[in-house]
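K.L.:
Below you'll find the structure I mean.
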Number of protein chains: 2
Amino acid sequence: MKILLWTLTLTSLAVAQKPLTLASQGSFFVGGEYKTMPAAPGRGAAGEITVNQMYVQYQIPVNGAQHVPVVMAHGCCLSSKTWETTPDGRMGWSEYFVRKDRSVYLADQVSRARSGFDPSTINAVKAGTAKPSELPNVLAATHQTAWSIFRFGPKFGEPFPDEQFPVEALDELYKQMIPDLNSTLPNPNPTWKNMAALAVKLNGAILMGHSESGFFPEQAALIDPSGIRGNISIEMPCPAMTDAQISALAKIPTLIMFGDHLGDVQGGIATWPASFDSCQKLVMQLKAAGGDAEMMSLPKMGIKGNSHMLMQDRNSDQLADLILGWIDGHVEKKKTR
Amino acid sequence: MKILLWTLTLTSLAVAQKPLTLASQGSFFVGGEYKTMPAAPGRGAAGEITVNQMYVQYQIPVNGAQHVPVVMAHGCCLSSKTWETTPDGRMGWSEYFVRKDRSVYLADQVSRARSGFDPSTINAVKAGTAKPSELPNVLAATHQTAWSIFRFGPKFGEPFPDEQFPVEALDELYKQMIPDLNSTLPNPNPTWKNMAALAVKLNGAILMGHSESGFFPEQAALIDPSGIRGNISIEMPCPAMTDAQISALAKIPTLIMFGDHLGDVQGGIATWPASFDSCQKLVMQLKAAGGDAEMMSLPKMGIKGNSHMLMQDRNSDQLADLILGWIDGHVEKKKTR
């Protein structure tokens, strides 16, 4: 048994250290529209800026055409850094998926990171043409809030005994946490439309979301399902859907994943057990409507100690393999091209 | 002659379409410190956030160890997207340098894009504990301002006859332009210290800056020159330096590059001829102090029509080759490892 474990570890290291060959890589934007900014002292004349664009960075492996591309969208107070090198320096899901021959598209949510945000209201308040109370609610999650919502342990500074998140590298996760300006966005959130448009542009893609963006794949599908081959939703509440919405979503293979310790954090503001139940209900509704939907509850599968940031947990490769296996079995078996 | 041009074009395409093999890639942060946020309604209890960290994304080619790594820092109202796929879809400098066997490190400036920013003051104004006049000046350059500062033509919408920027793809540049929150930064700008620290971490690096960050390589060297093997500064004003500062900077090979049409835009707010003169003066001072400093004025070299966004201009590969040649001749001939 010990020898088997050693072999697995060495194989895993060998994969990480092998050179990576890409057919191509690059970045582009999806969406975006003009908005007129008024003249302001020190900022010059009135003119247009572009808002609501979504920055996308991609890598296509040499054998990428054999598989459906995967779009990854990050959660609150984070950027696409979520999917890259983990806080403790291991390979993230983005490169891991590329090394498994999947084309990967990382999307910075509209109003975050390289997608930029609409600063109109902040500038209007500074100029005195809007009230301070109109300022956007800029979400900046503290380390303490992150600990609680991301479920690293029963209370701040005390990890669960079986905690899978590399808590020794927490400072590196805290550096990934950046202000969230989604409160500046119009309704519906332009990221939804942009994700749907990206799937069309790619001539078919699997959409993956996490936490704040966990249900974005479904929201995208409700706007335009034509490019979406599969939806993967990780750890979020599942809002109630109408029969028509269930019927639309049931046409798309859907995977939902939740980690461990959902109800084990004291004094947290997140309601993970309720989120899990709402998604369990959605899975049942999708199945009842003839859909292919699956709930992967990691602890129920015997995989213990996973946090909300499960793509960065110590067993992140194992969880990626679960998702890749689901894609192979549920999305690509139906591939017609 | 026509045949030669065809050959060049096909060769160039062949380079772009060849698979790219990387020894490794990833991302990490440099710097960052804790800051306490007060309790606020709807945001929960007081706690710490991390600020002033710098996000860095890197690719190391298989033969990367043969060359000194290059760190690229972007300008105002932009992100590291500056160095990636150009607005008209060609390969950017980041991948071009990697394909020329250089390890490339793209740094999002502190307070921009994936580095995040310090939202304290915005939240304090919203909470009523600071005045609206204390709000940061959030720079959002309009399309019109960009046209003028980036020198695309004599007036908005009218390109120079020899304009090298792909103006047909301007909408894609406008999507790269995101709000600039550098006004929230402490003094000195943490990006300077972080760039110096990155050069040390890499055991030697060349620092490259553009526009707002054009002089950041020199500012980094004035904080800690120990890791810096060369400085490349593209299109910015060069501030006056003391004799001691000139003496310190003269120890580092320095390249400064300026494009065309510096004085040809009507009604622009930028003062490019004055910026050029200030940098020409710096080059002479560095040389007088025994330094290896070079001013590449592209039009004086017979290369016409380059904009301020010259890394995205149609002849961007040609300009990259000029820089690579300078590195080979002025930085790496002195390499001791």
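Naming scheme: A, B, ... for chains in displayed order of the structure tokens; residues 1 onward per chain; ligands 1 onward as shown.
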Need the shell around B:Gly44: protein/DNA/RNA residues with any atom at most 10 Å away, counting only C-alpha atoms. Skip same-chain ones fewer than 3 positions apart. Format as a VMD selection string?
P.N.:
(chain A and resid 141 to 142 144 to 145 269) or (chain B and resid 38 to 41 47)
K.L.:
Please return as a PyMOL selection string: the residues of stretch 247-292 of chain A that backbone DSSP assigns to alpha helix (DSSP H).
P.N.:
chain A and resi 247-249+272-288
K.L.:
What's the separation between atom CA of B:Ala320 and atom CA of B:His74, in Å to one decimal place?
P.N.:
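Interatomic distance here is 15.4 Å.
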K.L.:
Using only C-alpha atoms and a cut-off of 6 Å, which residues of chain A sit close to chain B? Please list them as a PyMOL selection string.
P.N.:
chain A and resi 19-23+26-27+47-50+85+113-114+116+126+132-133+135+142-143+175+178
K.L.:
Restricted to N, CA and C atoms, what would the selected residues look like written as a PDB file, in the first residue's frame?
P.N.:
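What follows is the written file out-v7.pdb:
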ATOM      1  N   PRO A  19       7.546  19.218 -19.797  1.00  0.00           N
ATOM      2  CA  PRO A  19       7.217  20.441 -20.558  1.00  0.00           C
ATOM      3  C   PRO A  19       5.780  20.385 -21.071  1.00  0.00           C
ATOM      4  N   LEU A  20       5.207  21.564 -21.263  1.00  0.00           N
ATOM      5  CA  LEU A  20       3.820  21.679 -21.719  1.00  0.00           C
ATOM      6  C   LEU A  20       3.832  22.246 -23.129  1.00  0.00           C
ATOM      7  N   THR A  21       3.215  21.545 -24.072  1.00  0.00           N
ATOM      8  CA  THR A  21       3.180  22.033 -25.445  1.00  0.00           C
ATOM      9  C   THR A  21       1.772  22.515 -25.795  1.00  0.00           C
ATOM     10  N   LEU A  22       1.700  23.760 -26.250  1.00  0.00           N
ATOM     11  CA  LEU A  22       0.433  24.387 -26.596  1.00  0.00           C
ATOM     12  C   LEU A  22       0.327  24.562 -28.105  1.00  0.00           C
ATOM     13  N   ALA A  23      -0.866  24.298 -28.647  1.00  0.00           N
ATOM     14  CA  ALA A  23      -1.097  24.629 -30.052  1.00  0.00           C
ATOM     15  C   ALA A  23      -1.167  26.145 -30.202  1.00  0.00           C
ATOM     16  N   GLY A  26      -3.628  32.842 -25.878  1.00  0.00           N
ATOM     17  CA  GLY A  26      -3.863  34.268 -26.090  1.00  0.00           C
ATOM     18  C   GLY A  26      -4.956  34.781 -25.179  1.00  0.00           C
ATOM     19  N   SER A  27      -5.447  35.978 -25.486  1.00  0.00           N
ATOM     20  CA  SER A  27      -6.519  36.567 -24.698  1.00  0.00           C
ATOM     21  C   SER A  27      -7.353  37.476 -25.581  1.00  0.00           C
ATOM     22  N   GLY A  47     -16.683  62.160 -22.931  1.00  0.00           N
ATOM     23  CA  GLY A  47     -16.275  61.195 -23.945  1.00  0.00           C
ATOM     24  C   GLY A  47     -16.758  59.813 -23.562  1.00  0.00           C
ATOM     25  N   GLU A  48     -16.413  58.834 -24.390  1.00  0.00           N
ATOM     26  CA  GLU A  48     -16.897  57.481 -24.168  1.00  0.00           C
ATOM     27  C   GLU A  48     -15.841  56.621 -23.463  1.00  0.00           C
ATOM     28  N   ILE A  49     -16.335  55.727 -22.623  1.00  0.00           N
ATOM     29  CA  ILE A  49     -15.504  54.630 -22.147  1.00  0.00           C
ATOM     30  C   ILE A  49     -16.221  53.338 -22.542  1.00  0.00           C
ATOM     31  N   THR A  50     -15.529  52.206 -22.436  1.00  0.00           N
ATOM     32  CA  THR A  50     -16.154  50.919 -22.717  1.00  0.00           C
ATOM     33  C   THR A  50     -16.371  50.182 -21.395  1.00  0.00           C
ATOM     34  N   THR A  85      -1.772  28.530 -10.403  1.00  0.00           N
ATOM     35  CA  THR A  85      -0.923  27.997  -9.337  1.00  0.00           C
ATOM     36  C   THR A  85      -1.613  28.143  -7.975  1.00  0.00           C
ATOM     37  N   ALA A 113     -10.927  42.601 -11.966  1.00  0.00           N
ATOM     38  CA  ALA A 113      -9.593  42.292 -12.495  1.00  0.00           C
ATOM     39  C   ALA A 113      -9.387  42.902 -13.885  1.00  0.00           C
ATOM     40  N   ARG A 114      -8.931  42.108 -14.847  1.00  0.00           N
ATOM     41  CA  ARG A 114      -8.575  42.643 -16.167  1.00  0.00           C
ATOM     42  C   ARG A 114      -9.795  43.005 -17.008  1.00  0.00           C
ATOM     43  N   GLY A 116     -11.947  45.116 -15.873  1.00  0.00           N
ATOM     44  CA  GLY A 116     -12.246  46.493 -15.491  1.00  0.00           C
ATOM     45  C   GLY A 116     -13.635  46.635 -14.889  1.00  0.00           C
ATOM     46  N   LYS A 126     -17.556  61.828  -6.175  1.00  0.00           N
ATOM     47  CA  LYS A 126     -16.396  62.706  -5.954  1.00  0.00           C
ATOM     48  C   LYS A 126     -16.664  64.097  -6.541  1.00  0.00           C
ATOM     49  N   PRO A 132     -23.085  60.217  -1.458  1.00  0.00           N
ATOM     50  CA  PRO A 132     -22.233  59.129  -0.947  1.00  0.00           C
ATOM     51  C   PRO A 132     -22.989  57.821  -0.775  1.00  0.00           C
ATOM     52  N   SER A 133     -24.277  57.929  -0.413  1.00  0.00           N
ATOM     53  CA  SER A 133     -25.044  56.690  -0.211  1.00  0.00           C
ATOM     54  C   SER A 133     -25.237  55.925  -1.512  1.00  0.00           C
ATOM     55  N   LEU A 135     -22.824  55.343  -3.566  1.00  0.00           N
ATOM     56  CA  LEU A 135     -21.584  54.624  -3.872  1.00  0.00           C
ATOM     57  C   LEU A 135     -21.844  53.122  -3.919  1.00  0.00           C
ATOM     58  N   THR A 142     -12.761  40.176   4.526  1.00  0.00           N
ATOM     59  CA  THR A 142     -11.594  40.095   5.417  1.00  0.00           C
ATOM     60  C   THR A 142     -11.093  38.649   5.500  1.00  0.00           C
ATOM     61  N   HIS A 143      -9.893  38.504   6.020  1.00  0.00           N
ATOM     62  CA  HIS A 143      -9.345  37.157   6.237  1.00  0.00           C
ATOM     63  C   HIS A 143     -10.298  36.336   7.103  1.00  0.00           C
ATOM     64  N   LYS A 175      -3.910  37.167  -0.712  1.00  0.00           N
ATOM     65  CA  LYS A 175      -3.438  38.094  -1.759  1.00  0.00           C
ATOM     66  C   LYS A 175      -4.289  37.993  -3.025  1.00  0.00           C
ATOM     67  N   ILE A 178      -9.555  40.192  -3.915  1.00  0.00           N
ATOM     68  CA  ILE A 178      -9.550  41.582  -4.385  1.00  0.00           C
ATOM     69  C   ILE A 178     -10.964  42.143  -4.315  1.00  0.00           C
TER      70      ILE A 178
END
K.L.:
List the neighbours of A:Phe258 out to 9 Å using only C-alpha atoms; skip same-chain residues closer than 4 positions along the sequence, and give me the result as an MDAnalysis selection string.
P.N.:
chainID A and resid 233:236 262 276 295:299 306:308 310
K.L.:
Mind listing the strand (DSSP E) residues of stretch 192-271 of chain B, per DSSP on the backbone, as a list in words?
P.N.:
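Matching residues, listed in order: Ala205, Ile206, Leu207, Met208, Gly209, His210, Ile228, Arg229, Gly230, Asn231, Ile232, Ser233, Ile234, Thr254, Leu255, Ile256, Met257 and Phe258 of chain B.
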K.L.:
To one decimal place in Å, what is the distance between atom CA of A:Ala73 and atom CA of A:Met309?
P.N.:
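Result for atom CA of A:Ala73 versus atom CA of A:Met309: 13.2 Å, one decimal.
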K.L.:
Atom CA of A:Glu294 to atom CA of A:Ile323: how many Å, to one decimal?
P.N.:
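Taking atom CA of A:Glu294 and atom CA of A:Ile323, their separation equals 11.1 Å.
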